[in-house]
Each structure stands twice: as C-alpha cells, then as structure tokens.
Amino acid sequence: MKKVLLIIFALCLVGVMILLVVKIQEKKNDMMLTESVVEKVPQIEVYNLKNEVVKLNDICTGNTIIVYFNTTCEICHIEIKEFYRLRGELNDSQVIFISNNTNEEIGEFIASYNLDDSQFQFLRDKNYSFITSYDIPTTPFTLLYVDGELYKTYKGAVRVEQIIKDKNDRKS
C-alpha cells in the first residue's frame, strides 16, 4: 500500500513539475521576440503633442524604433531611462514613443526625464488606431523597423541593448 501511494505521489509530483515547466516556457515565449503581421508601417494617423495629425508611415523612414508605452507603466519608465542612456548608439535611428495617455500625462512623462531636447519623438494614439493595428497586448510594446521593413517586435520588457544589437545585426 505504501508503494502504491508513493508511486501516485511521485507521478503527481512529476505532473506538477511538467505543468510548471510548460507554463514557464509559455511565459518566456510571450516575452521573446515575435513577428508582427504588419510588415510595413501602417498608414494610420496619430497626433503630436500640439494635437496636429501625423501620418505614421510618412515619418517612419529607414531605421525606426517605435515604443508603445503608458505613462503609468513602471517598465516603460525603466526603458525610457535606458533609451536615453544609450541614445548615442541610436543616432542612425528614429525613436518614436506612442501612447494613448493624454497630452498632459505624456508632457509630464517627458519633463520628468528631461526629454524635451532629446532626439526622441512623442506621439499620441488618441483614436487607438495604432494599438488596434498591431493588436498590442501589453506595454511596453516595441517594434524595430530596419530600412522601412519590420524586423522584430518585442512584447513587454526588453533590454535596449538587445534592440540595438538586433538592429546592427540586421544591417550587417
């Protein structure tokens, strides 16, 4: 009887371990690079902080990094610091931050990190056209376009060094 219970316990333990490994791998895959269905920058309208319409596909030329962010997202705060710290390695790329937050919230975000004079561009997706075009599941959500073609998408947190590496690998 003890052997049977011991075998049942061992099988349950193995089953739980397998389930945990599968769940961890699923989570890891969600955080890894994925391909998007939008290969070129979509022809959508977003707004600059003066409420002027900007056609995204008109401003995204060459190498472009687009980060969809939220001003209350802690990971977004960490990433903006990294983008700013590594801005010298991004001179050959446009870096565009898009949010559906209000102009005031985005302005406060910019001011809190002294980004007024940065090379980064901040836009507002007030009609949610960007978020629906890409079916964005979480913030941050980052897209890397190299020579106008989508190369990688990153769901959730990503090291800015990885984006730079991917961009440079693609160009090589």
# chains A, B, ... in the order shown; residues from 1 in each chain; ligands from 1

call {"tool": "select_by_dssp", "arguments": {"residues": "chain A", "states": "alpha helix (DSSP H)", "output": "ChimeraX atom specification"}}
result
/A:2-31,56-59,74-85,103-112,129-134,160-171

call {"tool": "write_last_selection", "arguments": {"atoms": "C-alpha atoms", "output": "PDB file, in the first residue's frame"}}
result
ATOM      1  CA  LYS A   2       2.840   2.374   0.843  1.00  0.00           C
ATOM      2  CA  LYS A   3       4.467   1.675  -2.523  1.00  0.00           C
ATOM      3  CA  VAL A   4       1.253   2.478  -4.390  1.00  0.00           C
ATOM      4  CA  LEU A   5       0.842   5.760  -2.513  1.00  0.00           C
ATOM      5  CA  LEU A   6       4.479   6.587  -3.096  1.00  0.00           C
ATOM      6  CA  ILE A   7       4.130   5.915  -6.836  1.00  0.00           C
ATOM      7  CA  ILE A   8       0.965   8.019  -7.038  1.00  0.00           C
ATOM      8  CA  PHE A   9       2.677  10.836  -5.145  1.00  0.00           C
ATOM      9  CA  ALA A  10       5.724  10.658  -7.439  1.00  0.00           C
ATOM     10  CA  LEU A  11       3.527  10.733 -10.550  1.00  0.00           C
ATOM     11  CA  CYS A  12       1.613  13.740  -9.215  1.00  0.00           C
ATOM     12  CA  LEU A  13       4.877  15.485  -8.424  1.00  0.00           C
ATOM     13  CA  VAL A  14       6.220  14.810 -11.935  1.00  0.00           C
ATOM     14  CA  GLY A  15       2.935  16.047 -13.421  1.00  0.00           C
ATOM     15  CA  VAL A  16       3.104  19.285 -11.431  1.00  0.00           C
ATOM     16  CA  MET A  17       6.733  19.798 -12.469  1.00  0.00           C
ATOM     17  CA  ILE A  18       5.884  19.272 -16.137  1.00  0.00           C
ATOM     18  CA  LEU A  19       2.995  21.722 -15.852  1.00  0.00           C
ATOM     19  CA  LEU A  20       5.270  24.323 -14.240  1.00  0.00           C
ATOM     20  CA  VAL A  21       7.903  23.906 -16.943  1.00  0.00           C
ATOM     21  CA  VAL A  22       5.272  24.297 -19.677  1.00  0.00           C
ATOM     22  CA  LYS A  23       3.839  27.427 -18.033  1.00  0.00           C
ATOM     23  CA  ILE A  24       7.296  28.952 -17.578  1.00  0.00           C
ATOM     24  CA  GLN A  25       8.144  28.242 -21.222  1.00  0.00           C
ATOM     25  CA  GLU A  26       4.852  29.811 -22.378  1.00  0.00           C
ATOM     26  CA  LYS A  27       5.618  32.923 -20.339  1.00  0.00           C
ATOM     27  CA  LYS A  28       9.152  33.024 -21.702  1.00  0.00           C
ATOM     28  CA  ASN A  29       7.882  32.712 -25.268  1.00  0.00           C
ATOM     29  CA  ASP A  30       5.469  35.600 -24.706  1.00  0.00           C
ATOM     30  CA  MET A  31       8.381  37.787 -23.663  1.00  0.00           C
ATOM     31  CA  LEU A  56       2.905  57.441 -39.092  1.00  0.00           C
ATOM     32  CA  ASN A  57       4.042  55.930 -42.380  1.00  0.00           C
ATOM     33  CA  ASP A  58       5.193  59.377 -43.576  1.00  0.00           C
ATOM     34  CA  ILE A  59       7.549  59.928 -40.658  1.00  0.00           C
ATOM     35  CA  GLU A  74       6.935  51.015 -14.404  1.00  0.00           C
ATOM     36  CA  ILE A  75       8.721  49.006 -17.081  1.00  0.00           C
ATOM     37  CA  CYS A  76       8.189  51.885 -19.522  1.00  0.00           C
ATOM     38  CA  HIS A  77       9.876  54.229 -17.029  1.00  0.00           C
ATOM     39  CA  ILE A  78      12.855  51.894 -16.802  1.00  0.00           C
ATOM     40  CA  GLU A  79      13.099  51.540 -20.578  1.00  0.00           C
ATOM     41  CA  ILE A  80      12.969  55.290 -21.263  1.00  0.00           C
ATOM     42  CA  LYS A  81      15.955  55.741 -18.955  1.00  0.00           C
ATOM     43  CA  GLU A  82      17.816  53.064 -20.921  1.00  0.00           C
ATOM     44  CA  PHE A  83      16.887  54.603 -24.257  1.00  0.00           C
ATOM     45  CA  TYR A  84      18.148  57.948 -23.014  1.00  0.00           C
ATOM     46  CA  ARG A  85      21.364  56.442 -21.623  1.00  0.00           C
ATOM     47  CA  ASN A 103      -1.089  65.191 -23.815  1.00  0.00           C
ATOM     48  CA  GLU A 104      -0.661  66.414 -20.248  1.00  0.00           C
ATOM     49  CA  GLU A 105       0.350  62.989 -18.970  1.00  0.00           C
ATOM     50  CA  ILE A 106       2.806  62.491 -21.832  1.00  0.00           C
ATOM     51  CA  GLY A 107       4.179  66.004 -21.240  1.00  0.00           C
ATOM     52  CA  GLU A 108       4.723  65.251 -17.556  1.00  0.00           C
ATOM     53  CA  PHE A 109       6.453  61.988 -18.508  1.00  0.00           C
ATOM     54  CA  ILE A 110       8.769  63.873 -20.878  1.00  0.00           C
ATOM     55  CA  ALA A 111       9.502  66.545 -18.273  1.00  0.00           C
ATOM     56  CA  SER A 112      10.198  64.024 -15.513  1.00  0.00           C
ATOM     57  CA  SER A 129      -5.601  53.261 -34.296  1.00  0.00           C
ATOM     58  CA  PHE A 130      -2.021  52.196 -33.569  1.00  0.00           C
ATOM     59  CA  ILE A 131      -2.966  49.845 -30.772  1.00  0.00           C
ATOM     60  CA  THR A 132      -5.628  48.162 -32.921  1.00  0.00           C
ATOM     61  CA  SER A 133      -3.377  47.922 -35.995  1.00  0.00           C
ATOM     62  CA  TYR A 134      -0.823  45.938 -34.029  1.00  0.00           C
ATOM     63  CA  VAL A 160      17.551  48.368 -25.173  1.00  0.00           C
ATOM     64  CA  GLU A 161      20.949  46.793 -25.809  1.00  0.00           C
ATOM     65  CA  GLN A 162      19.109  43.862 -27.420  1.00  0.00           C
ATOM     66  CA  ILE A 163      17.218  46.193 -29.748  1.00  0.00           C
ATOM     67  CA  ILE A 164      20.479  47.883 -30.740  1.00  0.00           C
ATOM     68  CA  LYS A 165      22.138  44.501 -31.293  1.00  0.00           C
ATOM     69  CA  ASP A 166      19.232  43.275 -33.426  1.00  0.00           C
ATOM     70  CA  LYS A 167      19.281  46.497 -35.459  1.00  0.00           C
ATOM     71  CA  ASN A 168      23.015  46.238 -36.067  1.00  0.00           C
ATOM     72  CA  ASP A 169      22.820  42.503 -36.869  1.00  0.00           C
ATOM     73  CA  ARG A 170      20.124  43.157 -39.458  1.00  0.00           C
ATOM     74  CA  LYS A 171      22.123  45.952 -41.095  1.00  0.00           C
TER      75      LYS A 171
END

call {"tool": "closest_residue", "arguments": {"among": "A:Leu150, A:Leu49, A:Val54, A:Ile98", "to": "Val67 of chain A", "atoms": "only C-alpha atoms"}}
result
A:Ile98

call {"tool": "residues_around", "arguments": {"residues": "Ile65 of chain A", "least_positions_apart": "3", "cutoff": "9 Å", "atoms": "only C-alpha atoms", "output": "ChimeraX atom specification"}}
result
/A:60,93-97,142-146,163

call {"tool": "write_last_selection", "arguments": {"atoms": "C-alpha atoms", "output": "CSV table (one decimal), in the first residue's frame"}}
result
chain,number,residue,atom,x,y,z
A,60,CYS,CA,8.9,56.4,-40.3
A,93,SER,CA,17.6,55.5,-36.0
A,94,GLN,CA,14.4,57.4,-35.3
A,95,VAL,CA,13.0,56.6,-31.8
A,96,ILE,CA,9.3,57.2,-31.6
A,97,PHE,CA,7.2,56.8,-28.4
A,142,THR,CA,8.4,47.8,-29.2
A,143,LEU,CA,8.8,47.5,-33.0
A,144,LEU,CA,12.0,47.6,-34.8
A,145,TYR,CA,11.9,48.6,-38.5
A,146,VAL,CA,15.2,48.3,-40.4
A,163,ILE,CA,17.2,46.2,-29.7

call {"tool": "atom_distance", "arguments": {"atom1": "atom CA of Val53 of chain A", "atom2": "atom CA of Gly156 of chain A"}}
result
27.4 Å

call {"tool": "residues_around", "arguments": {"residues": "Thr139 of chain A", "least_positions_apart": "5", "cutoff": "7 Å", "atoms": "only C-alpha atoms", "output": "ChimeraX atom specification"}}
result
/A:68-70,156

call {"tool": "select_by_dssp", "arguments": {"residues": "segment 45-96 of chain A", "states": "strand (DSSP E)", "output": "list in words"}}
result
Glu45, Val46, Tyr47, Val53, Val54, Lys55, Thr64, Ile65, Ile66, Val67, Tyr68, Gln94, Val95 and Ile96 of chain A
